[in-house]
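Visitor: Have a peek at data38.cif (mmCIF, C-alpha atoms).
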```cif
data_query
loop_
_atom_site.label_atom_id
_atom_site.label_comp_id
_atom_site.auth_asym_id
_atom_site.auth_seq_id
_atom_site.Cartn_x
_atom_site.Cartn_y
_atom_site.Cartn_z
CA MET H 29 -30.97 38.96 57.74
CA THR H 30 -33.46 39.11 60.59
CA THR H 31 -34.34 42.42 62.24
CA ALA H 32 -32.21 41.50 65.27
CA GLN H 33 -29.23 40.71 63.02
CA VAL H 34 -29.60 44.04 61.21
CA VAL H 35 -29.66 45.89 64.56
CA ARG H 36 -26.57 44.02 65.78
CA ALA H 37 -24.71 44.76 62.55
CA ALA H 38 -25.48 48.47 62.89
CA THR H 39 -24.31 48.62 66.52
CA PRO H 40 -20.65 49.51 67.09
CA ALA H 41 -18.71 47.00 69.20
CA TRP H 42 -17.46 48.45 72.49
CA ARG H 43 -14.39 46.23 72.49
CA GLY H 44 -11.42 47.45 70.54
CA GLY H 45 -11.12 50.86 68.94
CA PHE H 46 -14.58 52.32 69.42
CA GLY H 47 -14.68 51.73 73.17
CA ARG H 48 -11.39 53.55 73.64
CA LEU H 49 -12.40 56.37 71.29
CA TRP H 50 -15.71 56.78 73.14
CA SER H 51 -13.97 56.80 76.51
CA ALA H 52 -11.46 59.40 75.30
CA ALA H 53 -14.23 61.65 73.92
CA VAL H 54 -16.34 61.44 77.08
CA LEU H 55 -13.37 62.01 79.40
CA SER H 56 -12.27 65.02 77.39
CA ARG H 57 -15.79 66.52 77.32
CA PHE H 58 -16.06 66.08 81.10
CA GLY H 59 -12.82 68.01 81.59
CA ASP H 60 -13.90 70.68 79.10
CA ALA H 61 -17.15 71.17 81.03
CA LEU H 62 -15.18 71.79 84.22
CA ARG H 63 -12.94 74.35 82.53
CA THR H 64 -15.61 76.19 80.56
CA ALA H 65 -17.84 76.53 83.65
CA ALA H 66 -14.97 77.73 85.85
CA LEU H 67 -13.31 80.14 83.39
CA PRO H 68 -16.04 82.85 83.37
CA LEU H 69 -16.20 82.72 87.18
CA LEU H 70 -12.46 83.29 87.34
CA ALA H 71 -12.71 86.13 84.81
CA VAL H 72 -15.34 87.88 86.95
CA ARG H 73 -13.03 87.60 89.97
CA LEU H 74 -10.19 89.21 88.03
CA THR H 75 -12.12 92.16 86.51
CA ASP H 76 -15.46 93.92 86.59
CA ASN H 77 -15.08 95.10 82.98
CA PRO H 78 -17.86 93.41 80.95
CA LEU H 79 -15.91 93.77 77.71
CA ALA H 80 -12.90 91.99 79.18
CA VAL H 81 -15.08 89.16 80.48
CA ALA H 82 -16.81 88.83 77.11
CA ALA H 83 -13.43 88.76 75.35
CA VAL H 84 -12.56 85.51 77.13
CA THR H 85 -15.66 83.84 75.63
CA ALA H 86 -15.21 85.47 72.22
CA CYS H 87 -11.71 84.04 71.90
CA GLY H 88 -13.28 80.60 71.99
CA TYR H 89 -14.84 81.38 68.58
CA VAL H 90 -12.16 83.35 66.78
CA PRO H 91 -9.73 80.48 66.02
CA TRP H 92 -12.47 78.56 64.18
CA LEU H 93 -12.95 81.53 61.88
CA LEU H 94 -9.19 81.91 61.37
CA PHE H 95 -7.99 78.30 61.29
CA GLY H 96 -11.06 76.06 60.86
CA LEU H 97 -10.56 75.34 57.16
CA LEU H 98 -6.82 75.01 57.65
CA GLY H 99 -7.37 72.45 60.41
CA GLY H 100 -9.48 70.36 58.05
CA ALA H 101 -6.83 70.46 55.32
CA VAL H 102 -4.12 69.39 57.76
CA ALA H 103 -6.34 66.60 59.14
CA ASP H 104 -6.60 65.11 55.63
CA ARG H 105 -2.80 65.17 55.21
CA VAL H 106 -1.77 63.42 58.43
CA ASP H 107 -2.47 60.26 60.39
CA GLN H 108 -5.59 61.36 62.29
CA ARG H 109 -4.95 59.11 65.29
CA ARG H 110 -1.49 60.57 65.85
CA ALA H 111 -2.75 64.09 65.31
CA MET H 112 -5.45 63.60 67.95
CA TRP H 113 -3.25 62.26 70.71
CA ALA H 114 -0.52 64.82 70.00
CA VAL H 115 -3.07 67.66 70.22
CA ASP H 116 -4.48 66.28 73.47
CA VAL H 117 -1.00 66.09 75.00
CA ALA H 118 -0.37 69.71 73.99
CA ARG H 119 -3.74 70.81 75.42
CA GLY H 120 -3.13 68.87 78.63
CA LEU H 121 0.24 70.55 79.16
CA LEU H 122 -1.24 74.00 78.41
CA VAL H 123 -4.06 73.59 80.90
CA ALA H 124 -1.72 72.10 83.52
CA ALA H 125 0.52 75.15 83.21
CA PHE H 126 -2.54 77.39 83.55
CA ALA H 127 -3.68 75.48 86.66
CA LEU H 128 -0.24 76.09 88.17
CA ALA H 129 -0.49 79.82 87.37
CA VAL H 130 -3.89 79.97 89.09
CA ALA H 131 -2.58 78.09 92.13
CA LEU H 132 0.34 80.54 92.43
CA GLY H 133 -1.90 83.60 92.04
CA HIS H 134 -0.60 84.61 88.61
CA ALA H 135 -3.89 84.37 86.67
CA SER H 136 -4.84 87.41 84.57
CA ILE H 137 -7.32 88.32 81.86
CA PRO H 138 -4.63 88.27 79.12
CA LEU H 139 -3.62 84.79 80.30
CA LEU H 140 -7.26 83.60 80.17
CA ILE H 141 -7.63 85.00 76.66
CA ALA H 142 -4.40 83.34 75.54
CA LEU H 143 -5.54 80.00 76.97
CA ALA H 144 -8.98 80.17 75.33
CA PHE H 145 -7.47 81.11 71.95
CA SER H 146 -4.75 78.43 72.07
CA LEU H 147 -7.06 75.60 73.09
CA THR H 148 -9.58 76.39 70.35
CA ALA H 149 -6.83 76.76 67.74
CA LEU H 150 -5.67 73.22 68.60
CA GLN H 151 -9.28 72.04 68.61
CA THR H 152 -9.68 72.97 64.92
CA LEU H 153 -7.27 70.15 64.06
CA PHE H 154 -8.50 67.72 66.71
CA ASP H 155 -12.22 67.89 65.88
CA ASN H 156 -11.73 67.53 62.13
CA ALA H 157 -9.30 64.64 62.62
CA ALA H 158 -11.77 62.94 64.99
CA THR H 159 -14.59 63.20 62.46
CA ALA H 160 -12.36 61.73 59.74
CA LEU H 161 -11.06 58.95 62.04
CA LEU H 162 -14.39 57.43 63.11
CA PRO H 163 -15.16 55.71 59.75
CA SER H 164 -11.83 53.90 60.15
CA VAL H 165 -12.80 52.58 63.58
CA VAL H 166 -16.35 51.27 63.03
CA ARG H 167 -18.13 49.50 60.21
CA PRO H 168 -19.92 51.77 57.70
CA GLU H 169 -23.34 50.55 58.81
CA SER H 170 -22.46 51.41 62.44
CA LEU H 171 -21.58 55.07 61.85
CA GLY H 172 -24.96 56.44 62.90
CA SER H 173 -25.06 54.43 66.13
CA ALA H 174 -21.43 55.31 66.88
CA ASN H 175 -22.06 59.03 66.47
CA ALA H 176 -25.18 58.80 68.64
CA ARG H 177 -23.29 57.02 71.42
CA LEU H 178 -20.39 59.45 71.25
CA MET H 179 -22.59 62.55 71.41
CA THR H 180 -24.90 61.16 74.08
CA GLY H 181 -21.96 60.18 76.27
CA GLN H 182 -20.44 63.63 75.83
CA GLN H 183 -23.74 65.30 76.75
CA LEU H 184 -24.03 63.17 79.88
CA ALA H 185 -20.46 63.90 80.92
CA GLY H 186 -20.53 67.60 80.11
CA GLY H 187 -24.14 68.64 80.62
CA LEU H 188 -25.14 66.61 83.67
CA LEU H 189 -21.89 65.67 85.45
CA GLY H 190 -19.19 68.24 84.74
CA GLY H 191 -20.96 71.56 85.30
CA PRO H 192 -22.57 70.74 88.68
CA LEU H 193 -19.20 69.50 90.02
CA VAL H 194 -17.46 72.85 89.48
CA PRO H 195 -18.71 74.61 92.66
CA LEU H 196 -17.41 71.71 94.79
CA LEU H 197 -14.00 71.82 93.12
CA LEU H 198 -13.78 75.59 93.47
CA MET H 199 -14.47 75.31 97.18
CA ALA H 200 -11.39 73.08 97.48
CA GLY H 201 -9.18 75.26 95.28
CA ALA H 202 -9.55 77.68 92.35
CA PHE H 203 -7.00 75.70 90.32
CA LEU H 204 -8.71 72.30 90.65
CA PRO H 205 -11.12 72.48 87.65
CA TYR H 206 -8.16 73.22 85.37
CA ALA H 207 -5.96 70.54 86.92
CA ALA H 208 -8.75 68.00 86.44
CA ASP H 209 -9.17 69.15 82.83
CA ALA H 210 -5.44 68.65 82.20
CA VAL H 211 -5.64 65.10 83.57
CA THR H 212 -8.59 64.24 81.32
CA TYR H 213 -6.70 65.52 78.26
CA LEU H 214 -3.68 63.34 79.06
CA LEU H 215 -5.83 60.27 79.76
CA ALA H 216 -7.72 60.83 76.49
CA ALA H 217 -4.39 61.12 74.64
CA ALA H 218 -3.26 57.78 76.07
CA LEU H 219 -6.52 56.10 75.01
CA VAL H 220 -6.32 57.42 71.44
CA ALA H 221 -2.62 56.54 71.16
CA SER H 222 -3.47 52.95 72.15
CA LEU H 223 -5.74 52.48 69.10
CA HIS H 224 -4.26 49.79 66.85
CA ILE H 225 -5.11 51.46 63.57
CA GLU H 226 -3.25 53.43 60.95
CA THR H 227 -5.49 55.86 59.13
CA PRO H 228 -4.85 56.18 55.37
CA VAL H 229 -3.01 59.32 54.30
CA ASP H 230 -3.80 60.44 50.76
CA PRO H 231 -0.49 61.22 48.98
CA ARG H 232 -0.54 64.78 47.69
CA PRO H 233 0.65 65.57 44.17
CA PRO H 234 3.91 67.51 43.85
CA GLY H 235 3.45 71.20 44.55
CA ALA H 236 0.07 70.75 46.26
CA THR H 237 -0.56 73.52 48.80
CA LEU H 238 -2.84 73.73 51.81
CA ARG H 239 -4.70 76.55 50.07
CA ALA H 240 -5.36 74.29 47.07
CA ASP H 241 -6.45 71.47 49.39
CA ILE H 242 -8.95 73.77 51.12
CA GLY H 243 -10.35 74.88 47.75
CA GLU H 244 -10.66 71.28 46.61
CA GLY H 245 -12.60 70.38 49.75
CA LEU H 246 -14.94 73.36 49.41
CA ARG H 247 -15.66 72.48 45.78
CA ALA H 248 -16.42 68.88 46.76
CA LEU H 249 -18.86 70.13 49.39
CA TRP H 250 -20.55 72.46 46.91
CA ARG H 251 -20.94 69.74 44.27
CA ASP H 252 -22.79 67.38 46.63
CA ARG H 253 -26.39 68.61 46.69
CA ALA H 254 -27.28 66.97 50.00
CA LEU H 255 -24.17 68.14 51.85
CA ARG H 256 -24.51 71.65 50.42
CA ALA H 257 -28.12 71.85 51.59
CA VAL H 258 -27.34 70.47 55.05
CA CYS H 259 -24.43 72.87 55.46
CA GLY H 260 -26.62 75.86 54.54
CA ALA H 261 -29.42 74.68 56.82
CA THR H 262 -26.98 74.15 59.70
CA LEU H 263 -25.65 77.68 59.27
CA LEU H 264 -29.19 79.11 59.49
CA CYS H 265 -29.93 77.00 62.57
CA ASN H 266 -26.75 78.10 64.31
CA ILE H 267 -27.49 81.76 63.65
CA GLY H 268 -30.83 81.12 65.35
CA MET H 269 -29.36 79.20 68.28
CA GLY H 270 -26.78 81.94 68.78
CA ALA H 271 -29.62 84.45 69.08
CA LEU H 272 -31.59 82.25 71.47
CA ILE H 273 -28.74 81.20 73.76
CA ALA H 274 -27.34 84.73 74.07
CA THR H 275 -30.68 86.08 75.29
CA LEU H 276 -32.24 83.05 76.99
CA VAL H 277 -31.47 84.32 80.49
CA LEU H 278 -33.31 87.56 79.64
CA HIS H 279 -36.22 85.61 78.16
CA VAL H 280 -36.57 83.49 81.31
CA THR H 281 -35.94 86.08 84.00
CA GLY H 282 -37.32 89.19 82.26
CA TRP H 283 -40.20 87.99 80.03
CA LEU H 284 -41.34 84.93 81.99
CA HIS H 285 -40.25 86.30 85.40
CA ALA H 286 -39.19 82.74 86.28
CA GLY H 287 -35.94 83.76 87.99
CA ASN H 288 -32.72 81.80 88.28
CA ALA H 289 -34.62 78.61 89.12
CA GLY H 290 -36.50 78.89 85.84
CA TYR H 291 -33.27 79.37 83.92
CA ALA H 292 -31.73 76.32 85.62
CA ALA H 293 -34.88 74.31 84.77
CA ALA H 294 -34.63 75.37 81.12
CA MET H 295 -30.99 74.30 80.83
CA THR H 296 -31.68 71.00 82.61
CA ALA H 297 -34.60 70.32 80.28
CA TYR H 298 -32.37 70.99 77.27
CA SER H 299 -29.70 68.56 78.54
CA ALA H 300 -32.30 65.89 79.33
CA GLY H 301 -33.83 66.32 75.89
CA SER H 302 -30.40 65.98 74.27
CA ILE H 303 -29.79 62.67 76.01
CA ALA H 304 -33.19 61.37 74.89
CA GLY H 305 -32.40 62.51 71.36
CA GLY H 306 -29.27 60.37 71.37
CA PHE H 307 -31.46 57.27 71.68
CA LEU H 308 -33.87 58.49 68.98
CA ALA H 309 -31.36 59.59 66.34
CA GLN H 310 -30.60 56.28 64.68
CA ARG H 311 -34.18 55.01 64.94
CA LEU H 312 -35.52 58.05 63.11
CA ALA H 313 -32.80 57.81 60.46
CA GLY H 314 -33.62 54.13 59.93
CA ARG H 315 -37.28 54.90 59.37
CA LEU H 316 -37.03 58.16 57.43
CA GLY H 317 -33.51 58.48 56.00
CA ARG H 318 -31.03 61.04 57.30
CA VAL H 319 -32.13 64.10 55.28
CA ARG H 320 -35.79 63.45 56.09
CA ALA H 321 -34.84 63.04 59.76
CA LEU H 322 -33.26 66.50 59.57
CA LEU H 323 -36.45 67.86 57.99
CA LEU H 324 -38.47 66.43 60.88
CA CYS H 325 -36.04 67.93 63.41
CA GLY H 326 -36.24 71.38 61.87
CA THR H 327 -40.04 71.27 61.73
CA VAL H 328 -40.42 70.16 65.37
CA GLN H 329 -37.85 72.72 66.55
CA THR H 330 -39.67 75.49 64.69
CA GLY H 331 -42.84 74.57 66.57
CA ALA H 332 -40.96 74.43 69.89
CA LEU H 333 -39.51 77.90 69.30
CA LEU H 334 -42.92 79.33 68.47
CA LEU H 335 -44.16 77.84 71.75
CA LEU H 336 -41.25 79.46 73.62
CA GLY H 337 -41.82 82.85 72.04
CA SER H 338 -45.59 83.06 72.34
CA VAL H 339 -46.69 81.21 75.52
CA ARG H 340 -45.79 82.99 78.74
CA GLU H 341 -45.69 79.92 80.98
CA LEU H 342 -42.79 78.06 82.61
CA ALA H 343 -44.29 74.72 81.50
CA ALA H 344 -44.15 75.90 77.87
CA LEU H 345 -40.49 76.89 78.33
CA ILE H 346 -39.57 73.48 79.74
CA ALA H 347 -41.49 71.61 77.04
CA GLY H 348 -39.92 73.75 74.32
CA MET H 349 -36.39 73.26 75.66
CA LEU H 350 -36.92 69.50 75.94
CA LEU H 351 -37.96 69.35 72.28
CA LEU H 352 -35.11 71.63 71.20
CA GLY H 353 -32.56 69.46 73.01
CA ALA H 354 -33.93 66.17 71.69
CA MET H 355 -34.24 67.29 68.08
CA GLY H 356 -30.90 69.12 68.26
CA MET H 357 -29.14 65.88 69.17
CA VAL H 358 -30.95 64.00 66.39
CA TRP H 359 -29.87 66.74 63.98
CA ASN H 360 -26.23 66.66 65.08
CA VAL H 361 -25.93 62.87 64.89
CA ASN H 362 -27.49 62.63 61.44
CA GLN H 363 -25.70 65.67 60.04
CA VAL H 364 -22.28 64.32 61.00
CA THR H 365 -23.10 60.78 59.88
CA LEU H 366 -24.44 61.96 56.52
CA MET H 367 -21.26 63.94 55.95
CA GLN H 368 -19.04 60.97 56.88
CA GLN H 369 -21.01 58.69 54.56
CA ARG H 370 -21.09 60.99 51.54
CA ALA H 371 -17.69 62.67 51.76
CA PRO H 372 -14.82 61.07 49.81
CA ALA H 373 -12.51 59.46 52.40
CA ALA H 374 -9.59 61.74 51.48
CA MET H 375 -11.69 64.91 51.99
CA THR H 376 -13.62 64.13 55.17
CA GLY H 377 -11.47 66.46 57.27
CA ARG H 378 -11.89 69.38 54.88
CA ILE H 379 -15.64 68.93 54.50
CA SER H 380 -15.97 68.59 58.27
CA ALA H 381 -14.02 71.84 58.62
CA ALA H 382 -16.43 73.65 56.29
CA PHE H 383 -19.38 72.47 58.40
CA ARG H 384 -17.78 73.49 61.68
CA THR H 385 -16.51 76.84 60.42
CA ALA H 386 -19.97 77.72 59.09
CA SER H 387 -21.52 76.71 62.41
CA THR H 388 -19.11 78.83 64.43
CA ALA H 389 -19.53 81.82 62.14
CA GLY H 390 -23.29 81.64 62.63
CA ALA H 391 -23.26 81.65 66.45
CA PRO H 392 -21.68 85.08 67.13
CA LEU H 393 -23.71 86.66 64.31
CA GLY H 394 -26.86 85.20 65.86
CA ALA H 395 -25.89 86.46 69.32
CA LEU H 396 -25.62 89.99 67.92
CA LEU H 397 -28.98 89.72 66.13
CA GLY H 398 -30.59 88.28 69.24
CA GLY H 399 -29.35 91.14 71.40
CA LEU H 400 -30.59 93.74 68.93
CA ALA H 401 -34.00 92.04 68.62
CA ALA H 402 -34.43 91.68 72.38
CA GLY H 403 -33.49 95.29 72.99
CA SER H 404 -35.69 96.84 70.30
CA LEU H 405 -38.65 94.47 69.82
CA GLY H 406 -39.10 92.61 73.11
CA LEU H 407 -37.40 89.89 75.15
CA ASN H 408 -39.39 87.08 73.49
CA THR H 409 -38.48 88.23 69.97
CA PRO H 410 -35.21 86.20 69.68
CA ALA H 411 -37.18 82.97 70.09
CA LEU H 412 -39.52 84.00 67.27
CA LEU H 413 -36.56 85.11 65.13
CA THR H 414 -34.96 81.72 65.72
CA ALA H 415 -38.19 80.00 64.70
CA ALA H 416 -38.13 81.91 61.39
CA LEU H 417 -34.50 80.87 60.78
CA PHE H 418 -35.30 77.22 61.51
CA ALA H 419 -38.25 77.39 59.11
CA ALA H 420 -35.86 78.75 56.46
CA ALA H 421 -33.50 75.86 57.20
CA VAL H 422 -36.32 73.37 56.58
CA LEU H 423 -37.04 75.01 53.22
CA THR H 424 -33.33 74.80 52.37
CA LEU H 425 -33.38 71.05 53.00
CA ILE H 426 -36.48 70.19 50.95
CA PRO H 427 -34.69 69.97 47.55
CA ALA H 428 -32.23 67.44 49.02
CA ARG H 429 -34.81 65.12 50.58
CA SER H 430 -34.34 62.47 47.89
CA ALA H 431 -30.59 62.30 48.46
CA ASP H 432 -30.57 60.01 51.51
CA VAL H 433 -27.63 57.64 51.35
CA SER H 434 -28.14 53.97 50.69
CA LYS H 435 -25.52 51.40 51.67
CA ASP H 436 -24.46 50.93 48.05
CA GLU H 437 -24.10 54.67 47.57
CA LYS H 438 -21.96 55.20 50.63
CA ASP H 439 -19.68 52.27 49.77
CA GLU H 440 -19.25 53.78 46.32
CA LYS H 441 -18.63 57.29 47.71
CA ARG H 442 -15.90 56.00 50.01
CA GLY H 443 -14.28 54.43 46.97
CA GLY H 444 -13.76 51.02 48.55
CA VAL H 445 -10.88 52.37 50.66
CA THR H 446 -9.64 49.76 53.11
CA THR H 447 -9.28 51.40 56.49
CA GLY H 448 -8.31 48.41 58.58
CA PRO H 449 -10.30 45.61 60.15
CA ALA H 450 -13.56 46.49 61.86
CA PRO H 451 -13.53 45.78 65.60
CA GLY H 452 -14.99 42.50 66.71
#
```
Is it possible to give me this structure as structure tokens?
Guide:
Amino acid sequence: MTTAQVVRAATPAWRGGFGRLWSAAVLSRFGDALRTAALPLLAVRLTDNPLAVAAVTACGYVPWLLFGLLGGAVADRVDQRRAMWAVDVARGLLVAAFALAVALGHASIPLLIALAFSLTALQTLFDNAATALLPSVVRPESLGSANARLMTGQQLAGGLLGGPLVPLLLMAGAFLPYAADAVTYLLAAALVASLHIETPVDPRPPGATLRADIGEGLRALWRDRALRAVCGATLLCNIGMGALIATLVLHVTGWLHAGNAGYAAAMTAYSAGSIAGGFLAQRLAGRLGRVRALLLCGTVQTGALLLLGSVRELAALIAGMLLLGAMGMVWNVNQVTLMQQRAPAAMTGRISAAFRTASTAGAPLGALLGGLAAGSLGLNTPALLTAALFAAAVLTLIPARSADVSKDEKDEKRGGVTTGPAPG
């Protein structure tokens, strides 16, 4: 095959299943960005108790710790397409009911907490099912490009379009961000339901329990050296990012004295870097292999964090956040693709759940460490702590650098399972 033919073969076709799946994911992320930006503002209007406001955000993490592994086990037992559209319908109805409560003046902190908890609990099934569904929608050689397009589209919709629109919607009505979110959920459900594909459901042996399924998935993850290393490295990175994100506003306004404009510039730089990373992810994987691409990401991000924590200039902050965003997107695309390629088809949901649960567990722990470090050692210390954690993640990945997946290996790992015709 010529180079052009190889590129075309590795590019997912927009027509058919992938185009609808991409549209559903981007629509849903746009609505989520509206809701997540508006919810803290509503909480502050309802109470001046910092603990109560923080509880609304915390409840977005708790269900992953409680139900993340369970969601992966369920995703491997059911038709993932049906699970996804059913969850989106349920989430759409929940948010629509909440929008009505806000419009009628019945919003309260307990109601906000209940909404955040319920939506994330449903998300534990949706996200794991979505990760397991994608290999049934695109050709194996297109997985990397498909993941890059999905994540880049979501970053555009959520990072650059959704958030800035919230103030305009709030001016027209406090309920509008939630009503718009409900509509995006229902539209996404319709798009996923229209996919003409039946995902394979692995028949469970008599007496098989969800607990046994979870254990089986965890053992499969542990036995795969590359996936085990990437999971451990991702946990370390998420502890670091939790520390950085929780204290970034203090770093920018207190250590750099760059004010709110500096903070906005940092977040914009991160979003712009993420979008650029979406275009780089597959190119780097093609040249280096996926594990080596992760090694490069971790090394560059370590350098960017050292720059953030040691150079007291706004230009250094913006450059560091651009690099963090770009390499973070490359990491995410290649981590997910590697997992989809190496995981046995019948365990993709459970292995995805282990990754996501580890990531979520790391973020709140990192936020606590970041707050303690900033308070006792200086406002730039969380960036340096995060750099050390990223360096540790790179060391964790080094033993797995020879485990990059070849086409023959991934076909063998997926066991030749027929998942329906690839889109034209």
Visitor: List as number ranges by chain the protein and nucleic acid residues near range 235-250 of chain H, meaning an atom at most 10 Å away when all atoms listed in the file are counted, but skip any in the same chain fewer than 2 places from it.
Guide: H: 97-102, 104-105, 231-233, 252-257, 259, 367, 370-372, 374-383
Visitor: Could you give me, as a VMD selection string, the residues within 10 Å of Leu122 in chain H, counting only C-alpha atoms and dropping anything in the same chain fewer than 4 positions from it?
Guide: chain H and resid 116 to 118 126 to 127 143 146 to 147 206 210
Visitor: Measuring atom to atom with only C-alpha atoms, identify which of H:Ala391, H:Ala321, H:Val358, H:Leu413 is nearest to Leu336 in chain H.
Guide: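 Counting only C-alpha atoms, the residue closest to Leu336 in chain H is H:Leu413.
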Visitor: What does the distance from CA of Leu214 in chain H to CA of Gly190 in chain H come to in Å, to one decimal?
Guide: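 We find that CA of Leu214 in chain H and CA of Gly190 in chain H lie 17.2 Å from each other.
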Visitor: For each of H:Phe418, H:Tyr89, H:Phe58, H:Tyr291, take the minimum atom-to-atom distance to Val194 in chain H, counting all atoms listed in the file, then give the residue where this is smallest.
Guide: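 Of all the options, H:Phe58 lies closest to Val194 in chain H.
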Visitor: Which neighbours of Ala343 in chain H fall inside 10 Å, counting all atoms listed in the file, when residues of the same chain fewer than 6 positions from it are skipped, and could you give them as an mmCIF file with C-alpha atoms, in the frame of the given file?
Guide:
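The resulting file, around.cif, is reproduced below:
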```cif
data_model
loop_
_atom_site.group_PDB
_atom_site.id
_atom_site.type_symbol
_atom_site.label_atom_id
_atom_site.label_comp_id
_atom_site.auth_asym_id
_atom_site.auth_seq_id
_atom_site.Cartn_x
_atom_site.Cartn_y
_atom_site.Cartn_z
ATOM 1 C CA GLY H 290 -36.500 78.890 85.840
ATOM 2 C CA ALA H 293 -34.880 74.310 84.770
ATOM 3 C CA ALA H 294 -34.630 75.370 81.120
ATOM 4 C CA LEU H 336 -41.250 79.460 73.620
ATOM 5 C CA MET H 349 -36.390 73.260 75.660
#
```
Visitor: Care to translate the PyMOL selection byres ((chain H and resi 348) around 8) into actual residues of this file, as JSON, numbers by chain?
Guide: {"H": [332, 333, 335, 336, 344, 345, 346, 347, 349, 350, 351, 352]}
Visitor: Residues at most 12 Å from Phe145 in chain H, counting only C-alpha atoms, excluding those fewer than 6 positions away in the same chain, as an MDAnalysis selection string?
Guide: chainID H and resid 83:95 119 122 138:139 151:152
Visitor: Can you list what the PyMOL selection byres ((chain H and resi 111) around 10) grabs from this structure, as JSON, numbers by chain?
Guide: {"H": [102, 103, 106, 107, 108, 109, 110, 112, 113, 114, 115, 116, 153, 154, 157, 158, 217, 220, 221]}
Visitor: Restrict the calculation to only C-alpha atoms, then for each residue of range 169-193 of chain H with any atom at most 12 Å from an atom of range 312-317 of chain H give the closest atom pair and their distance in Å to one decimal, rows by chain and rising residue number, as CSV.
Guide:
```
residue,atom,partner,partner_atom,distance
H:Glu169,CA,H:Gly314,CA,10.9
H:Ser170,CA,H:Gly314,CA,11.8
H:Leu171,CA,H:Ala313,CA,11.6
H:Gly172,CA,H:Ala313,CA,8.3
H:Ser173,CA,H:Ala313,CA,10.2
H:Ala176,CA,H:Ala313,CA,11.2
```
Visitor: Rounded to one decimal, what separation in Å do you get between CA of Gly260 in chain H and CA of Thr424 in chain H?
Guide: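 CA of Gly260 in chain H sits 7.1 Å away from CA of Thr424 in chain H.
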Visitor: Could you name the residues that touch range 415-417 of chain H at 6 Å or less, counting only C-alpha atoms, but leaving out those on the same chain fewer than 4 positions away, as a ChimeraX atom specification?
Guide: /H:264,268,330,333
Visitor: Pull out every residue that the PyMOL selection byres ((chain H and resi 323) around 10) matches in the shown coordinates and put them as a PDB file with C-alpha atoms, in the frame of the given file.
Guide:
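Dumped everything to result-v6.pdb:
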```
ATOM      1  CA  VAL H 258     -27.340  70.470  55.050  1.00  0.00           C
ATOM      2  CA  ALA H 261     -29.420  74.680  56.820  1.00  0.00           C
ATOM      3  CA  LEU H 316     -37.030  58.160  57.430  1.00  0.00           C
ATOM      4  CA  ARG H 318     -31.030  61.040  57.300  1.00  0.00           C
ATOM      5  CA  VAL H 319     -32.130  64.100  55.280  1.00  0.00           C
ATOM      6  CA  ARG H 320     -35.790  63.450  56.090  1.00  0.00           C
ATOM      7  CA  ALA H 321     -34.840  63.040  59.760  1.00  0.00           C
ATOM      8  CA  LEU H 322     -33.260  66.500  59.570  1.00  0.00           C
ATOM      9  CA  LEU H 324     -38.470  66.430  60.880  1.00  0.00           C
ATOM     10  CA  CYS H 325     -36.040  67.930  63.410  1.00  0.00           C
ATOM     11  CA  GLY H 326     -36.240  71.380  61.870  1.00  0.00           C
ATOM     12  CA  THR H 327     -40.040  71.270  61.730  1.00  0.00           C
ATOM     13  CA  VAL H 328     -40.420  70.160  65.370  1.00  0.00           C
ATOM     14  CA  GLN H 329     -37.850  72.720  66.550  1.00  0.00           C
ATOM     15  CA  TRP H 359     -29.870  66.740  63.980  1.00  0.00           C
ATOM     16  CA  ALA H 419     -38.250  77.390  59.110  1.00  0.00           C
ATOM     17  CA  ALA H 421     -33.500  75.860  57.200  1.00  0.00           C
ATOM     18  CA  VAL H 422     -36.320  73.370  56.580  1.00  0.00           C
ATOM     19  CA  LEU H 423     -37.040  75.010  53.220  1.00  0.00           C
ATOM     20  CA  THR H 424     -33.330  74.800  52.370  1.00  0.00           C
ATOM     21  CA  LEU H 425     -33.380  71.050  53.000  1.00  0.00           C
ATOM     22  CA  ILE H 426     -36.480  70.190  50.950  1.00  0.00           C
ATOM     23  CA  ALA H 428     -32.230  67.440  49.020  1.00  0.00           C
ATOM     24  CA  ARG H 429     -34.810  65.120  50.580  1.00  0.00           C
TER      25      ARG H 429
END
```
Visitor: Step by step: start from the point (-32.7, 83.3, 72.5) in the file's coordinates, keep every protein, DNA or RNA residue that has an atom no farther than 9 Å from it, count all atoms listed in the file, and write the set as a list in words.
Guide: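 These residues have at least one counted atom within 9 Å: Gly268, Met269, Gly270, Ala271, Leu272, Ile273, Ala274, Thr275, Leu276, Val277, Leu278, His279, Ala395, Gly398, Gly399, Ala402, Leu407, Asn408, Thr409, Pro410, Ala411, Leu412, Leu413 and Thr414 of chain H.
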Visitor: Give the answer as one residue: which of H:Thr180, H:Thr385, H:Asn77, H:Gln310 has the shortest atom-to-atom distance to Gly353 in chain H, using all atoms listed in the file?
Guide: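 For Gly353 in chain H, the nearest of the given residues is H:Thr180.
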Visitor: Let me make sure I understand: among H:Arg340, H:His285, H:Arg251, H:Arg311, which one has the smallest atom-to-atom distance to Asn362 in chain H if we use only C-alpha atoms?
Guide: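 That would be H:Arg311, the residue with the smallest distance to Asn362 in chain H.
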Visitor: Can you work out which one of H:Pro195, H:Pro168, H:Gly181, H:Gly403 has the shortest atom-to-atom distance to Gly47 in chain H, counting only C-alpha atoms?
Guide: H:Gly181
Visitor: May I ask for the distance between CA of Arg384 in chain H and CA of Gln369 in chain H, given in Å to one decimal place?
Guide: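 According to the coordinates, CA of Arg384 in chain H and CA of Gln369 in chain H are separated by 16.7 Å.
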